[in-house]
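Here's target.txt, which has compact mmCIF, C-alpha atoms and all ligand atoms:
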# COMPACT_ATOMS: atom_id res chain seq x y z
CA MET A 1 80.61 38.50 132.04
CA LYS A 2 82.42 35.26 131.24
CA SER A 3 83.39 34.80 127.61
CA VAL A 4 81.36 32.17 125.72
CA CYS A 5 82.29 30.60 122.38
CA ILE A 6 81.20 28.21 119.69
CA SER A 7 83.77 25.44 119.89
CA GLY A 8 82.44 22.97 117.33
CA THR A 9 80.01 22.65 114.46
CA GLY A 10 78.48 19.63 112.73
CA LEU A 11 76.47 18.94 109.59
CA PHE A 12 74.35 16.00 108.49
CA THR A 13 73.54 15.94 104.77
CA PRO A 14 71.01 13.37 103.48
CA ALA A 15 72.35 10.90 100.90
CA GLU A 16 69.88 11.75 98.13
CA SER A 17 69.75 14.94 96.10
CA ILE A 18 67.23 16.23 93.53
CA SER A 19 68.35 18.55 90.72
CA ASN A 20 66.14 21.34 89.42
CA ASP A 21 65.66 19.43 86.16
CA GLU A 22 64.47 16.30 87.99
CA LEU A 23 62.09 18.32 90.17
CA VAL A 24 60.72 20.30 87.23
CA ALA A 25 60.25 17.13 85.12
CA CYS A 26 58.11 15.66 87.92
CA TYR A 27 56.14 18.90 88.44
CA ASN A 28 55.50 19.27 84.71
CA ALA A 29 54.38 15.63 84.41
CA TYR A 30 51.89 16.32 87.23
CA VAL A 31 50.72 19.47 85.39
CA ALA A 32 50.24 17.54 82.14
CA GLU A 33 48.20 14.86 83.98
CA TYR A 34 46.11 17.52 85.75
CA ASN A 35 45.41 19.46 82.56
CA GLU A 36 44.46 16.28 80.71
CA GLN A 37 42.13 15.17 83.51
CA HIS A 38 40.43 18.58 83.51
CA ALA A 39 40.56 19.11 79.74
CA ALA A 40 36.79 19.56 79.39
CA ASP A 41 36.55 22.23 82.14
CA ILE A 42 39.63 23.98 80.78
CA ALA A 43 38.16 23.98 77.25
CA ALA A 44 34.87 25.35 78.63
CA GLY A 45 36.73 28.16 80.39
CA ALA A 46 35.60 26.95 83.84
CA LEU A 47 39.16 26.14 84.95
CA ASN A 48 42.56 27.61 84.14
CA PRO A 49 45.21 25.16 82.95
CA LEU A 50 48.20 24.84 85.27
CA PRO A 51 51.33 26.44 83.78
CA PRO A 52 54.62 24.51 83.77
CA SER A 53 57.63 25.24 85.97
CA SER A 54 61.16 25.74 84.64
CA SER A 55 64.72 25.25 85.88
CA GLU A 56 65.73 28.57 84.31
CA PHE A 57 63.15 30.42 86.43
CA ILE A 58 64.26 28.66 89.61
CA VAL A 59 67.94 29.52 89.15
CA LYS A 60 67.18 33.11 88.14
CA ALA A 61 64.64 33.78 90.92
CA SER A 62 66.42 32.00 93.76
CA GLY A 63 69.93 30.77 92.88
CA ILE A 64 68.92 27.20 93.82
CA GLN A 65 70.31 24.36 91.65
CA ALA A 66 69.53 21.28 93.77
CA ARG A 67 68.40 20.14 97.21
CA TYR A 68 69.13 17.16 99.48
CA VAL A 69 66.11 15.23 100.71
CA VAL A 70 65.50 12.42 103.18
CA ASN A 71 63.57 10.58 100.46
CA LYS A 72 63.74 11.21 96.73
CA SER A 73 61.46 8.57 95.21
CA GLY A 74 58.32 9.78 97.02
CA VAL A 75 58.94 13.41 96.10
CA LEU A 76 59.44 12.53 92.41
CA ASP A 77 56.41 10.20 92.17
CA THR A 78 53.67 12.28 90.50
CA ALA A 79 51.02 10.27 92.35
CA ARG A 80 52.61 11.21 95.71
CA MET A 81 54.91 14.26 95.53
CA ARG A 82 55.98 14.10 99.16
CA PRO A 83 58.76 12.17 100.91
CA THR A 84 58.03 8.59 101.91
CA ILE A 85 59.08 8.15 105.52
CA ARG A 86 58.69 4.86 107.33
CA THR A 87 56.52 5.19 110.43
CA ARG A 88 58.82 4.32 113.31
CA GLY A 89 57.83 2.66 116.53
CA ASN A 90 58.03 4.48 119.85
CA ASP A 91 60.99 2.29 120.80
CA GLU A 92 63.06 3.54 117.84
CA PRO A 93 64.90 6.89 117.52
CA SER A 94 62.78 9.31 115.51
CA LEU A 95 64.15 10.44 112.13
CA MET A 96 64.72 14.04 113.21
CA ALA A 97 66.50 12.89 116.36
CA GLU A 98 68.72 10.59 114.27
CA MET A 99 69.72 13.44 111.94
CA GLY A 100 70.29 15.76 114.88
CA VAL A 101 72.47 13.20 116.65
CA ALA A 102 74.63 12.74 113.51
CA ALA A 103 75.27 16.50 113.34
CA ALA A 104 75.74 16.75 117.12
CA LYS A 105 78.38 13.98 117.17
CA GLN A 106 80.45 15.89 114.59
CA ALA A 107 80.14 19.12 116.58
CA LEU A 108 81.19 17.31 119.78
CA GLU A 109 84.18 15.77 118.02
CA ALA A 110 85.30 19.21 116.78
CA ALA A 111 84.96 20.55 120.33
CA LYS A 112 86.82 17.49 121.71
CA LEU A 113 83.85 16.65 123.92
CA GLN A 114 81.57 13.70 124.61
CA GLY A 115 77.80 13.67 124.93
CA SER A 116 78.13 13.36 128.69
CA ASP A 117 79.94 16.75 128.81
CA ILE A 118 76.74 18.49 127.67
CA ASP A 119 74.08 19.59 130.15
CA CYS A 120 71.78 21.63 127.90
CA VAL A 121 70.36 20.38 124.59
CA LEU A 122 68.33 22.82 122.52
CA VAL A 123 66.59 21.63 119.37
CA ALA A 124 66.00 24.82 117.40
CA CYS A 125 64.19 24.37 114.08
CA SER A 126 61.05 25.10 112.05
CA ASN A 127 59.17 21.83 112.39
CA MET A 128 59.06 19.25 115.17
CA GLN A 129 58.00 15.83 114.01
CA ARG A 130 55.65 15.33 116.95
CA ALA A 131 54.02 17.39 119.68
CA TYR A 132 55.82 15.70 122.61
CA PRO A 133 58.00 14.48 124.18
CA ALA A 134 60.38 17.24 123.10
CA LEU A 135 62.90 16.16 120.46
CA ALA A 136 65.62 17.78 122.54
CA VAL A 137 64.90 15.38 125.40
CA GLU A 138 65.12 12.40 123.03
CA ILE A 139 68.44 13.67 121.62
CA GLN A 140 69.73 14.35 125.13
CA SER A 141 69.08 10.69 125.93
CA LEU A 142 70.62 9.39 122.65
CA LEU A 143 73.79 11.41 123.29
CA GLY A 144 74.03 10.48 126.94
CA ALA A 145 73.91 14.16 127.91
CA GLY A 146 72.88 15.38 131.34
CA GLY A 147 70.96 18.44 132.49
CA TYR A 148 67.91 19.33 130.44
CA GLY A 149 66.68 19.88 126.90
CA TYR A 150 63.86 21.74 125.22
CA ASP A 151 62.63 22.63 121.74
CA ILE A 152 62.56 26.08 120.20
CA ASN A 153 60.69 27.05 117.05
CA VAL A 154 61.23 30.46 115.53
CA ALA A 155 61.24 29.16 111.94
CA CYS A 156 64.35 29.92 109.87
CA ALA A 157 65.83 32.10 112.63
CA SER A 158 65.67 29.26 115.17
CA ALA A 159 69.40 28.46 115.30
CA ALA A 160 70.33 32.06 116.22
CA PHE A 161 67.60 32.06 118.88
CA GLY A 162 69.01 28.78 120.16
CA VAL A 163 72.52 30.21 120.38
CA GLN A 164 71.26 33.18 122.39
CA ALA A 165 69.32 30.84 124.72
CA ALA A 166 72.50 28.77 125.17
CA VAL A 167 74.65 31.83 125.92
CA ASP A 168 72.04 33.05 128.43
CA ALA A 169 71.88 29.63 130.10
CA LEU A 170 75.65 29.51 130.53
CA ARG A 171 75.90 33.06 131.87
CA ASN A 172 72.95 32.54 134.22
CA GLY A 173 74.52 29.39 135.61
CA SER A 174 71.75 27.03 134.48
CA ALA A 175 74.12 25.10 132.20
CA THR A 176 77.85 24.69 131.58
CA ARG A 177 77.95 23.34 128.01
CA ALA A 178 75.14 23.46 125.45
CA LEU A 179 74.36 21.94 122.08
CA VAL A 180 72.10 23.81 119.67
CA ILE A 181 70.78 21.35 117.10
CA SER A 182 68.76 22.22 114.00
CA PRO A 183 67.39 19.16 112.18
CA GLU A 184 65.25 20.28 109.25
CA ILE A 185 63.06 18.02 107.10
CA CYS A 186 61.68 20.88 105.03
CA SER A 187 60.55 18.47 102.29
CA GLY A 188 57.89 17.36 104.79
CA HIS A 189 56.15 20.76 104.88
CA LEU A 190 56.71 21.74 101.25
CA ASN A 191 53.84 21.67 98.76
CA PHE A 192 55.54 20.08 95.74
CA ARG A 193 52.37 20.78 93.71
CA ASN A 194 52.71 24.56 94.17
CA ARG A 195 54.66 26.07 91.25
CA ASP A 196 55.48 29.21 93.25
CA CYS A 197 57.45 27.35 95.89
CA HIS A 198 57.94 23.67 94.93
CA PHE A 199 61.68 24.26 94.45
CA ILE A 200 62.42 26.21 97.61
CA PHE A 201 63.40 23.76 100.33
CA GLY A 202 65.83 20.95 101.15
CA ASP A 203 66.70 18.81 104.18
CA ALA A 204 69.75 18.84 106.48
CA ALA A 205 70.70 19.01 110.15
CA THR A 206 73.30 21.14 111.92
CA ALA A 207 74.69 21.41 115.43
CA VAL A 208 76.88 23.84 117.36
CA VAL A 209 78.53 23.47 120.75
CA VAL A 210 78.36 26.56 122.99
CA GLU A 211 80.68 26.65 126.02
CA PHE A 212 82.91 28.89 128.14
CA THR A 213 85.96 30.09 126.20
CA GLU A 214 88.27 29.60 129.17
CA THR A 215 87.80 25.83 129.20
CA ALA A 216 87.08 25.15 125.49
CA LYS A 217 89.42 22.55 123.97
CA GLY A 218 88.38 22.80 120.30
CA GLN A 219 90.94 23.70 117.63
CA ARG A 220 88.85 26.47 116.13
CA ASN A 221 86.86 28.49 118.63
CA PHE A 222 84.67 31.50 117.87
CA GLU A 223 84.07 33.85 120.77
CA ILE A 224 80.49 35.12 120.79
CA LEU A 225 80.74 38.90 121.02
CA GLY A 226 77.00 39.39 121.00
CA THR A 227 73.61 38.01 120.00
CA ARG A 228 70.56 40.01 118.98
CA LEU A 229 67.05 38.82 118.17
CA GLN A 230 64.05 40.53 116.59
CA THR A 231 60.50 39.48 115.74
CA GLN A 232 57.65 41.25 113.97
CA PHE A 233 54.35 39.49 113.24
CA SER A 234 53.49 38.69 109.63
CA SER A 235 51.39 36.01 107.91
CA ASN A 236 53.35 36.30 104.68
CA ILE A 237 55.13 33.05 105.49
CA ARG A 238 52.71 30.71 107.16
CA ASN A 239 51.92 27.06 107.79
CA ASN A 240 48.61 26.29 109.51
CA ALA A 241 49.48 22.71 110.46
CA GLY A 242 48.74 22.20 114.12
CA PHE A 243 47.16 20.08 116.79
CA LEU A 244 43.74 21.69 116.36
CA ASN A 245 43.51 20.75 112.67
CA SER A 246 41.45 17.62 113.35
CA ALA A 247 39.01 19.67 115.46
CA GLU A 248 38.60 22.57 113.06
CA VAL A 249 35.20 23.01 111.37
CA PRO A 250 35.18 23.36 108.44
CA PRO A 251 38.37 21.38 107.85
CA ARG A 252 41.21 23.29 106.21
CA PRO A 253 42.12 22.47 102.61
CA TRP A 254 45.08 20.02 102.39
CA ASP A 255 47.43 22.70 101.09
CA ASP A 256 46.69 25.05 104.02
CA VAL A 257 48.61 22.79 106.38
CA LEU A 258 51.79 23.08 104.32
CA PHE A 259 54.25 25.96 103.79
CA ARG A 260 53.02 28.96 101.82
CA GLN A 261 54.37 32.43 101.35
CA GLU A 262 54.02 35.73 99.55
CA GLY A 263 57.59 35.55 98.25
CA ARG A 264 57.78 39.07 96.79
CA LYS A 265 56.45 40.71 99.99
CA VAL A 266 58.78 38.61 102.14
CA PHE A 267 61.72 39.68 100.02
CA LYS A 268 60.83 43.39 100.27
CA GLU A 269 60.03 43.40 103.98
CA VAL A 270 62.72 41.11 105.34
CA VAL A 271 65.73 42.61 103.52
CA PRO A 272 65.50 45.99 105.36
CA MET A 273 64.63 44.30 108.67
CA VAL A 274 67.71 42.09 108.52
CA SER A 275 70.17 44.66 107.20
CA GLU A 276 69.09 47.13 109.90
CA LEU A 277 69.35 44.47 112.60
CA ILE A 278 72.90 43.52 111.61
CA ALA A 279 73.99 47.15 111.10
CA ALA A 280 72.71 48.19 114.56
CA HIS A 281 74.20 45.10 116.21
CA LEU A 282 77.63 45.76 114.65
CA ALA A 283 77.46 49.47 115.56
CA ASP A 284 76.69 48.65 119.20
CA LEU A 285 79.78 46.46 119.29
CA ASN A 286 81.86 49.20 117.59
CA ILE A 287 82.53 47.02 114.57
CA GLU A 288 82.50 48.47 111.05
CA ALA A 289 80.68 46.35 108.45
CA SER A 290 83.86 46.65 106.36
CA GLY A 291 85.71 44.96 109.23
CA VAL A 292 83.60 41.79 108.98
CA ARG A 293 85.51 38.98 107.30
CA ARG A 294 82.47 36.76 106.72
CA PHE A 295 78.68 36.91 106.66
CA TRP A 296 77.07 33.50 107.17
CA LEU A 297 73.54 34.45 106.14
CA HIS A 298 70.32 32.50 106.02
CA GLN A 299 70.18 30.63 102.74
CA ALA A 300 66.79 31.29 101.14
CA ASN A 301 67.46 33.44 98.12
CA LEU A 302 70.72 34.53 96.52
CA SER A 303 69.62 38.03 95.53
CA MET A 304 68.16 38.59 98.97
CA ASN A 305 71.59 37.94 100.51
CA GLU A 306 73.25 40.13 97.88
CA TYR A 307 70.90 43.00 98.78
CA ILE A 308 71.57 42.59 102.50
CA THR A 309 75.35 42.61 102.15
CA ARG A 310 75.21 45.48 99.63
CA LYS A 311 73.23 47.55 102.14
CA LEU A 312 75.72 46.74 104.88
CA LEU A 313 78.92 47.18 102.87
CA GLY A 314 77.85 49.89 100.42
CA ARG A 315 79.19 47.67 97.61
CA ASP A 316 78.71 44.17 96.23
CA ALA A 317 80.12 41.50 98.53
CA GLU A 318 82.62 38.99 97.19
CA ARG A 319 81.38 35.40 97.27
CA SER A 320 84.14 34.69 99.81
CA GLU A 321 82.68 37.35 102.15
CA ALA A 322 79.13 35.93 102.03
CA PRO A 323 79.38 32.27 101.07
CA VAL A 324 76.52 30.54 99.29
CA ILE A 325 75.35 27.01 99.99
CA LEU A 326 71.74 27.37 98.81
CA ASP A 327 72.79 26.43 95.27
CA GLU A 328 73.51 22.88 96.50
CA TYR A 329 71.21 22.65 99.56
CA ALA A 330 68.31 25.03 98.70
CA ASN A 331 66.64 26.62 101.74
CA THR A 332 67.22 24.35 104.73
CA SER A 333 65.48 26.79 107.07
CA SER A 334 67.28 27.24 110.40
CA ALA A 335 70.15 24.98 109.29
CA GLY A 336 71.15 27.18 106.33
CA SER A 337 73.27 29.86 108.00
CA VAL A 338 74.92 27.21 110.18
CA ILE A 339 75.76 25.08 107.11
CA ALA A 340 77.46 28.16 105.62
CA PHE A 341 79.32 28.69 108.93
CA HIS A 342 80.31 25.02 109.14
CA LYS A 343 81.63 24.88 105.57
CA TYR A 344 83.26 28.31 105.39
CA GLN A 345 85.18 28.93 108.63
CA GLN A 346 88.48 27.04 108.17
CA ASP A 347 90.37 29.93 106.59
CA LEU A 348 89.48 32.47 109.30
CA VAL A 349 92.44 33.46 111.48
CA PRO A 350 92.44 34.71 115.09
CA GLY A 351 90.91 38.17 115.26
CA ASP A 352 88.65 37.70 112.21
CA ILE A 353 85.03 38.76 112.74
CA GLY A 354 82.05 36.84 111.37
CA VAL A 355 78.28 37.40 111.50
CA LEU A 356 75.83 34.51 111.47
CA CYS A 357 72.27 35.58 110.73
CA GLY A 358 69.08 33.57 110.32
CA PHE A 359 65.75 35.10 109.26
CA GLY A 360 62.32 34.01 108.10
CA ALA A 361 58.76 33.34 109.21
CA GLY A 362 57.41 35.28 112.14
CA TYR A 363 58.97 37.49 110.86
CA SER A 364 61.99 36.56 112.94
CA ALA A 365 65.67 37.38 112.69
CA GLY A 366 68.69 36.63 114.83
CA SER A 367 72.28 37.83 114.60
CA VAL A 368 75.30 36.22 116.25
CA ILE A 369 78.55 38.20 116.00
CA MET A 370 81.73 36.19 116.60
CA ARG A 371 85.49 36.60 116.67
CA ARG A 372 87.82 33.75 115.77
CA ILE A 373 90.17 33.15 118.71
N1 LIG A 401 58.48 28.40 87.00
C1 LIG A 401 58.29 29.34 86.08
N2 LIG A 401 57.70 30.53 86.34
C2 LIG A 401 57.28 30.74 87.60
C3 LIG A 401 57.44 29.78 88.61
C4 LIG A 401 58.06 28.57 88.27
N3 LIG A 401 58.26 27.60 89.18
N4 LIG A 401 56.94 30.26 89.76
C5 LIG A 401 56.47 31.49 89.48
N5 LIG A 401 56.66 31.79 88.18
C6 LIG A 401 56.30 33.01 87.45
C7 LIG A 401 55.11 33.70 88.11
O1 LIG A 401 53.91 33.17 87.62
C8 LIG A 401 55.33 35.13 87.68
O2 LIG A 401 54.88 35.27 86.35
P1 LIG A 401 54.22 36.66 85.83
O3 LIG A 401 55.31 37.68 85.99
O4 LIG A 401 53.87 36.35 84.44
O5 LIG A 401 53.06 36.92 86.75
C9 LIG A 401 56.85 35.28 87.67
O6 LIG A 401 57.36 33.95 87.54
C10 LIG A 401 57.41 35.91 88.91
O7 LIG A 401 56.87 35.26 90.07
P2 LIG A 401 57.22 35.69 91.54
O8 LIG A 401 56.51 34.77 92.47
O9 LIG A 401 56.95 37.16 91.67
O10 LIG A 401 58.77 35.39 91.56
P3 LIG A 401 59.93 36.01 92.42
O11 LIG A 401 60.90 36.65 91.53
O12 LIG A 401 59.41 36.82 93.56
O13 LIG A 401 60.63 34.70 93.01
C11 LIG A 401 60.76 33.52 95.09
C12 LIG A 401 59.91 33.84 93.86
C13 LIG A 401 59.92 32.69 96.03
C14 LIG A 401 61.98 32.76 94.64
C15 LIG A 401 61.22 34.84 95.78
O14 LIG A 401 60.13 35.72 95.92
C16 LIG A 401 61.83 34.63 97.14
O15 LIG A 401 62.73 33.83 97.33
N6 LIG A 401 61.40 35.41 98.12
C17 LIG A 401 61.98 35.39 99.46
C18 LIG A 401 61.38 34.25 100.16
C19 LIG A 401 62.05 33.94 101.44
O16 LIG A 401 63.15 34.30 101.73
N7 LIG A 401 61.35 33.23 102.23
C20 LIG A 401 61.84 32.79 103.45
C21 LIG A 401 61.28 31.46 103.59
S1 LIG A 401 61.92 30.78 104.99

Structure translated into structure tokens:
Amino acid sequence: MKSVCISGTGLFTPAESISNDELVACYNAYVAEYNEQHAADIAAGALNPLPPSSSEFIVKASGIQARYVVNKSGVLDTARMRPTIRTRGNDEPSLMAEMGVAAAKQALEAAKLQGSDIDCVLVACSNMQRAYPALAVEIQSLLGAGGYGYDINVACASAAFGVQAAVDALRNGSATRALVISPEICSGHLNFRNRDCHFIFGDAATAVVVEFTETAKGQRNFEILGTRLQTQFSSNIRNNAGFLNSAEVPPRPWDDVLFRQEGRKVFKEVVPMVSELIAAHLADLNIEASGVRRFWLHQANLSMNEYITRKLLGRDAERSEAPVILDEYANTSSAGSVIAFHKYQQDLVPGDIGVLCGFGAGYSAGSVIMRRI
């Protein structure tokens, strides 16, 4: 089998950021308005008052301090509490394509390639902004790439699934150089009026170039030693938004077509699934967990990642072994593990092993084991 590597990564970060305090102030203003509007029912015992949110809880429960968003003013307007995104015409690049292209251009530059060198574009992320045409085909056109493109959605694990699809395409001869792009506008599917999860997500886009090691020209290449994917059905993270919504009788409540989860259950069920997946994948490649220089894990919850690395290493991981970006970015779904990879790879030297792992709704999990060359 020909050796395949990741030869470039890219990251697009939106210009605006919301701190926990700003988000909580907005949520609590909404709660005060709601409780005042329903004061009579609350006093009569017919309705429970909404409890406030707090920055202390958010940091303690998740490790998140802030999140980047494509639009801040809409999210922080108590009358709206969702991003305000201009409706674009069909002759304009879509917002997700624009973000994806920005990340892709950086990844191409790192790999010393042009758009026209790519013949497989995979958009791998949790939400596509329209049903069709595929975003990947739009991005392929914007980059001047050849070949083909298609979209992949396996929620937060999408990027790892995309990397495996790219590796398979190269080895099967259906492509020679691939881009896996993960544009995530998570603020668009987040219910900012739900105290349990209003703080969870942020927006970003990432890209990685996958090509044959032999011909890669990038300065910092990571040989892909193996990829492994796993799925197991669960409704504990679910979003019922879909093309049948307008046909469904009775119509779903507005908050049923946004993200929702049973956070505690997810935590308990996904930690063992992911640690076992990585442990088995490393064992099959004859690599000791202690021999891994870096774990670029999905960025949803700090303690979740600490549990996973503790299970793998039999001790607490140093921050430098399992870098954290969720404090600044929150959960950016499929982009999270790639953001960690993008930001924390410069100090790795030839021979160093790293594991990139995304996991989330489905449940789904994907591991990519790499060696710096
Ligand atoms: N502010 C203050 N208190 C809050 C709150 C908020 N925003 N949200 C919930 N609480 C309260 C709850 O009411 C509950 O109070 P109680 O103990 O009096 O009943 C308490 O805090 C604990 O709530 P819980 O929902 O059990 O918190 P948690 O510790 O499980 O943390 C998550 C919540 C979502 C941060 C955590 O479960 C998580 O991250 N899970 C993994 C999710 C994940 O990885 N998902 C992948 C998505 S892609």

Selection within 7 Å of ligand LIG 401 (chain A) by only C-alpha atoms and all ligand atoms, output as a PyMOL selection string: chain A and resi 52-54+57-58+61-62+156+195-198+237+263-264+266-267+300-301+304+333+360-361

One-decimal distance in Å that lies between atom CA of A:Ala15 and atom CA of A:Val208: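 Value for the atom CA of A:Val208-atom CA of A:Ala15 distance: 21.4 Å.
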
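Between atom CA of A:Lys2 and atom CA of A:Phe359 lies a distance of 27.6 Å.
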
Between atom CA of A:Val355 and atom CA of A:Leu225, distance in Å (one decimal):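 So the two atoms, atom CA of A:Val355 and atom CA of A:Leu225, lie 9.9 Å apart.
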
Nearby residues, (84.5, 25.3, 123.1) file frame, 9 Å, all atoms listed in the file, as a list of chain:residue names: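 Those residues lying close to the given coordinates are A:Val4, A:Cys5, A:Ile6, A:Ser7, A:Gly8, A:Ala110, A:Ala111, A:Lys112, A:Leu113, A:Arg177, A:Val209, A:Val210, A:Glu211, A:Phe212, A:Thr213, A:Glu214, A:Thr215, A:Ala216, A:Lys217, A:Gly218, A:Gln219, A:Arg220, A:Asn221, A:Phe222, A:Glu223.
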
If you take only C-alpha atoms and a cut-off of 12 Å, which residues of stretch 117-220 of chain A touch stretch 239-244 of chain A, and what are their nearest atom pairs and distances in Å to one decimal, in chain and number order, as CSV?
residue,atom,partner,partner_atom,distance
A:Ser126,CA,A:Asn239,CA,10.3
A:Asn127,CA,A:Ala241,CA,9.9
A:Met128,CA,A:Gly242,CA,10.8
A:Gln129,CA,A:Gly242,CA,11.2
A:Arg130,CA,A:Phe243,CA,9.7
A:Ala131,CA,A:Phe243,CA,7.9
A:Tyr132,CA,A:Phe243,CA,11.3
A:Ala155,CA,A:Asn239,CA,10.4
A:Cys186,CA,A:Asn239,CA,11.9
A:Gly188,CA,A:Ala241,CA,11.5
A:His189,CA,A:Asn239,CA,8.1
A:Leu190,CA,A:Asn239,CA,9.7
A:Asn191,CA,A:Asn239,CA,10.7

A:Thr309 surroundings by all atoms listed in the file, 9 Å radius, close-in-sequence under 6 positions cut, as JSON, numbers by chain: {"A": [275, 295, 315, 316, 317, 322]}
